[in-house]
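Inspection log for the structure reproduced underneath, given as structure tokens.
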Amino acid sequence: MAAYRQWRRFVLFDKELVKEPLGNDGAAPGAAPTSGSAASKFLCLPPGITVCDSGRGSLVFGDMEGQIWFLPRSLQLTCFQAYKLRVTHLYQLKQHNILASVGEDEEGINPLVKIWNLEKRDGGNPLCTRIFPAIPGTEPTVVSCLTVHENLNFMAIGFTDGSVTLNKGDITRDRHSKTQILHKGNYPVTGLAFRQAGKTTHLFVVTTENVQSYIVSGKDYPRVELDTHGCGLRCSALSDPSQDLQFIVAGDECVYLYQPDERGPCFAFEGHKLIAHWFRGYLVIVSRDRKVSPKSEFTSRDSQTSDKQILNIYDLCNKFIAYSAVFEDVVDVLAEWGSLYVLTRDGRVHALQEKDTQTKLEMLFKKNLFEMAINLAKSQHLDSDGLAQIFMQYGDHLYSKGNHDGAVQQYIRTIGKLEPSYVIRKFLDAQRIHNLTAYLQTLHRQSLANADHTTLLLNCYTKLKDSSKLEEFIKTKSESEVHFDVETAIKVLRQAGYYSHALYLAENHAHHEWYLKIQLEDIKNYQEALRYIGKLPFEQAESNMKRYGKILMHHIPEQTTQLLKGLCTDYRPSLEGRGDREAPGCRANSEEFIPIFANNPRELKAFLEHMSEVQPDSPQGIYDTLLELRLQNWAHEKAPQVKEKLHAEAISLLKSGRFCDVFDKALVLCQMHDFQDGVLYLYEQGKLFQQIMHYHMQHEQYRQVIAVCERHGEQDPSLWEQALSYFARKEEDCKEYVAAVLKHIENKNLMPPLLVVQTLAHNSTATLSVIKDYLVQKLQKQSQQIAQDELRVRRYREETTRIRQEIQELKASPKIFQKTKCSICNSALELPSVHFLCGHSFHQHCFESYSESDADCPTCLPENRKVMDMIRAQEQKRDLHDQFQHQLKCSNDSFSVIADYFGRGVFNKLTLLTDPPTGRLTPSLEAGLQRDLLMHSRRGT
């Protein structure tokens, strides 16, 4: 009783009488009457109503005349005669348009059950698909209650003698249905209800003295007795899924809720219960309330009492009374069309329309009942936006009352719907920093925080100096549990001086740049930074060494050099397992790290030498830098032994073959550091013999000049001429070297004697004795050559005379052909045959097969063709020579004409000394004249 009195009362339903429709335009039940004289009258039900039910869009009534009435939404009453005497029970299925009824067709106790198919018609009335007697046995008894399962396979009937019959099978047909007695007892059955849980079907049975449940979907129908007190007729109901389909039994003292196997909660509601009904999450109770007036203390009880029927609508979840009203002689309570309808004995229908959720919430807000509003909104399945608005208003209410802790808890429940800045502004005061921290923590936990929120939360932690909370916030177990922007957190912690926490975040979330920046710029822990780089994957290690390599090299050069060696050869992160050591490592471009060693030449040399030894295919920049470094060390070294060693290292590097493609760069480096041996080596490798010669000439190294000529004279004969000119300009006694040069010039016929004499004429120390032997030998060779040429000329003249005689004979005297064999097939000649003046004869068929023309001898044709080609070539050259001479005389730019003919290859044969003679001059003479011409033109320029 005390618990009942604590429940608050509200008016969450609107009550009004249902009115008749206007004309043919039906109005929904509960609609307001039209103003004016045309307002409709109140709806009045037919008299003699004995039983009511609802479903499938209609209210269904049964009366004492055996008629069943239907009241649809249009409020147009219709009826049909179902029984001859009276209707006692109705059950309208909710999922099927099937109506089950119990009534009497004759006097006496002989109730009949009829099943009506409301969708089919029989003479204008609903089709009755089945009729059978309700009494289970031979003993007459009265039906007290009726229920039907929505699957149409179960129907239970209760009787006043305490028995219950179960009709199992298709209830609409006799053939497929079986009736049996399920329960026998000594107390009248007052309520029945089916409950479906999965594939199991339970039947609740309540009498005036007990409550039981049966499993009717299996065999043997096991029974469980749930309680030892019951209720009256129409005082039981089955709840909806919001109350887990519990069976409700309304006793005079309490209302009990039952599961199929146990009793649930109970509620102490006062009054003698007349009707119990379940409606959309509400428990509707109609009870008789007997209240005694104050005068009853002095008078008799019966004369001072007044009976009233009170209808209460309870919200069991939220523990309040949603509506309460007094009625007189309530017949029944029905639910249809989303409203609750109360039928009274005077035939009136009262509609109870539930207020909308927003109206109900506003009523609660006005009374500051926010907790109740929240519970109501949840039970009404209000969306998250609507709930967030309630939480916000509740939080604002608590905040205005000074309950900041409670307010922040409500604001936390709005996260995701309410803009966080609305809450943050309220708690920015330093005294409310704890509340702000709690809100921001939850904001991060739900992964709805941005970078500004993270910054603010970390600043709260640092202001509170709450290291434990700070560590708890940042030290998450996995990446998926991180609810904040890690980079922002690192920045804030670093700025606040919490370096260890910032390092923890950077290391655990792979923010390598931030980790190294803090270690190197803030903590100055260079060893740890280098160790951390060694643990990184190749790409990160490479990029961070390029970024921080100079700083590390400045403070810990040896360790940094070692890491760079590994990074550029065969890098593997230091934390990888040994099993992965067999996998190929990665290597960086060593040339890109050379600038890191700008101020550390010793480490640079060690790095470069390591790369050149371990990795011969290193980039060219490695070898260029190593050469430059060795040349610098050699140039600045003073100790002879060390300098000699450095000299050998530099020469060895030059001879390694790594500078073939960058010859010019290596040569420039050697010249810059005055490394003469390297310069000479590179000259020789680049076939720059002229430069080698000039180098020795500049240093007056006569023997080396001769050695260069002897070593490279075959490739560049002009070296001997340059040597002769060089010694000719020397006023010193160089007879020995001049003689050696002249000897080689004579052997190779490199210069005309006249040019040799002219060259040596400028030297005052060079006497005739120096070139005497050269001139004598030269004249002897020329005399021998002249004799050979004269002999050849004489032989050519004799040959010419002989050929002219043959020609003359052919012209003047007859030619006798005495050949007896064919010159092609060597067979005896037969007529017809073909004879040529050259002396060859052929069969006609052989001649026709092998000859290319009728005028040429097939045997002599190849040789004659060569001669003709030579003659034509000579004629073309003669014409070309005349044309060249003409253009050379007429042109203003003689050099352009010569260049044009050089480009066309006209002078190719003239410039080669090894060609056979093509004219009347001997080879030696022609070569000498050409050399004189070239030398003269060179000297003239």
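Chain labels follow the order of the structure tokens: the first chain is A, the next B, and so on; residue numbering restarts at 1 in every chain, and ligands are counted from 1 in their shown order.
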(message) When you look at Tyr221 of chain A with a cut-off of 10 Å (counting only C-alpha atoms), what residues show up, excluding the ones that are within fewer than 4 positions of it in the same chain? I need them as number ranges by chain.
(response) A: 182-183, 202-203, 213-217
Which residues are near segment 460-473 of chain A? Cut-off 7 Å, only C-alpha atoms, ignore same chain within fewer than 2 positions. Put them as a CSV table (one decimal) with all heavy atoms, in the first residue's frame.
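Produced file selection_28.csv, reproduced below:
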chain,number,residue,atom,x,y,z
A,433,ILE,N,37.3,22.5,-13.3
A,433,ILE,CA,38.1,21.7,-14.2
A,433,ILE,C,38.0,20.2,-14.1
A,433,ILE,O,38.1,19.5,-15.0
A,433,ILE,CB,39.6,22.2,-13.9
A,433,ILE,CG1,40.5,21.7,-15.1
A,433,ILE,CG2,40.1,21.6,-12.6
A,433,ILE,CD1,41.9,22.2,-15.0
A,437,THR,N,37.1,17.9,-17.2
A,437,THR,CA,38.0,16.7,-17.5
A,437,THR,C,37.1,15.4,-17.7
A,437,THR,O,37.3,14.7,-18.6
A,437,THR,CB,39.0,16.5,-16.3
A,437,THR,OG1,39.8,17.7,-16.2
A,437,THR,CG2,39.9,15.3,-16.6
A,456,LEU,N,42.7,20.5,-25.0
A,456,LEU,CA,42.1,21.0,-23.8
A,456,LEU,C,42.2,19.9,-22.7
A,456,LEU,O,42.5,20.3,-21.5
A,456,LEU,CB,40.6,21.3,-24.1
A,456,LEU,CG,39.9,22.0,-22.9
A,456,LEU,CD1,40.6,23.3,-22.5
A,456,LEU,CD2,38.4,22.4,-23.4
A,457,LEU,N,41.9,18.7,-23.0
A,457,LEU,CA,42.0,17.6,-22.0
A,457,LEU,C,43.4,17.5,-21.4
A,457,LEU,O,43.6,17.3,-20.2
A,457,LEU,CB,41.5,16.3,-22.6
A,457,LEU,CG,41.5,15.1,-21.6
A,457,LEU,CD1,40.7,15.4,-20.4
A,457,LEU,CD2,41.0,13.8,-22.3
A,458,LEU,N,44.3,17.4,-22.3
A,458,LEU,CA,45.7,17.3,-21.8
A,458,LEU,C,46.1,18.5,-21.0
A,458,LEU,O,46.9,18.4,-20.0
A,458,LEU,CB,46.7,17.1,-23.0
A,458,LEU,CG,46.5,15.8,-23.8
A,458,LEU,CD1,47.4,15.7,-25.0
A,458,LEU,CD2,46.8,14.6,-22.9
A,475,LYS,N,48.1,5.7,-22.3
A,475,LYS,CA,48.7,4.3,-22.4
A,475,LYS,C,47.6,3.3,-22.7
A,475,LYS,O,47.1,2.6,-21.8
A,475,LYS,CB,49.4,3.9,-21.1
A,475,LYS,CG,50.7,4.7,-20.9
A,475,LYS,CD,51.5,4.3,-19.7
A,475,LYS,CE,52.8,5.0,-19.6
A,475,LYS,NZ,53.6,4.6,-18.5
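Using only C-alpha atoms, the shortest contact distance between Ile313 of chain A and any of A:Gly48, A:Pro21, A:Gly338, A:Gly281 is found at A:Gly281.
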(request) Find the residues around Asn318 of chain A up to 8 Å (only C-alpha atoms counted), leave out those fewer than 2 positions away in its own chain, and share them as a ChimeraX atom specification. (result) /A:315-316,320,372,375-376
(request) Might you pull out every residue within 9 Å of Pro133 of chain A, with only C-alpha atoms counted and same-chain residues fewer than 6 positions away left off, and present them as number ranges by chain? (result) A: 110-114
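With only C-alpha atoms taken into account, the protein and nucleic acid residues at most 9 Å from Ile49 of chain A (excluding it and anything under 2 positions from it in its own chain) are Leu45, Pro46, Pro47, Val51, Cys52, Phe61, Gly62, Asp63, Met64, Val87, Val331, Arg345 and Gly347 of chain A.
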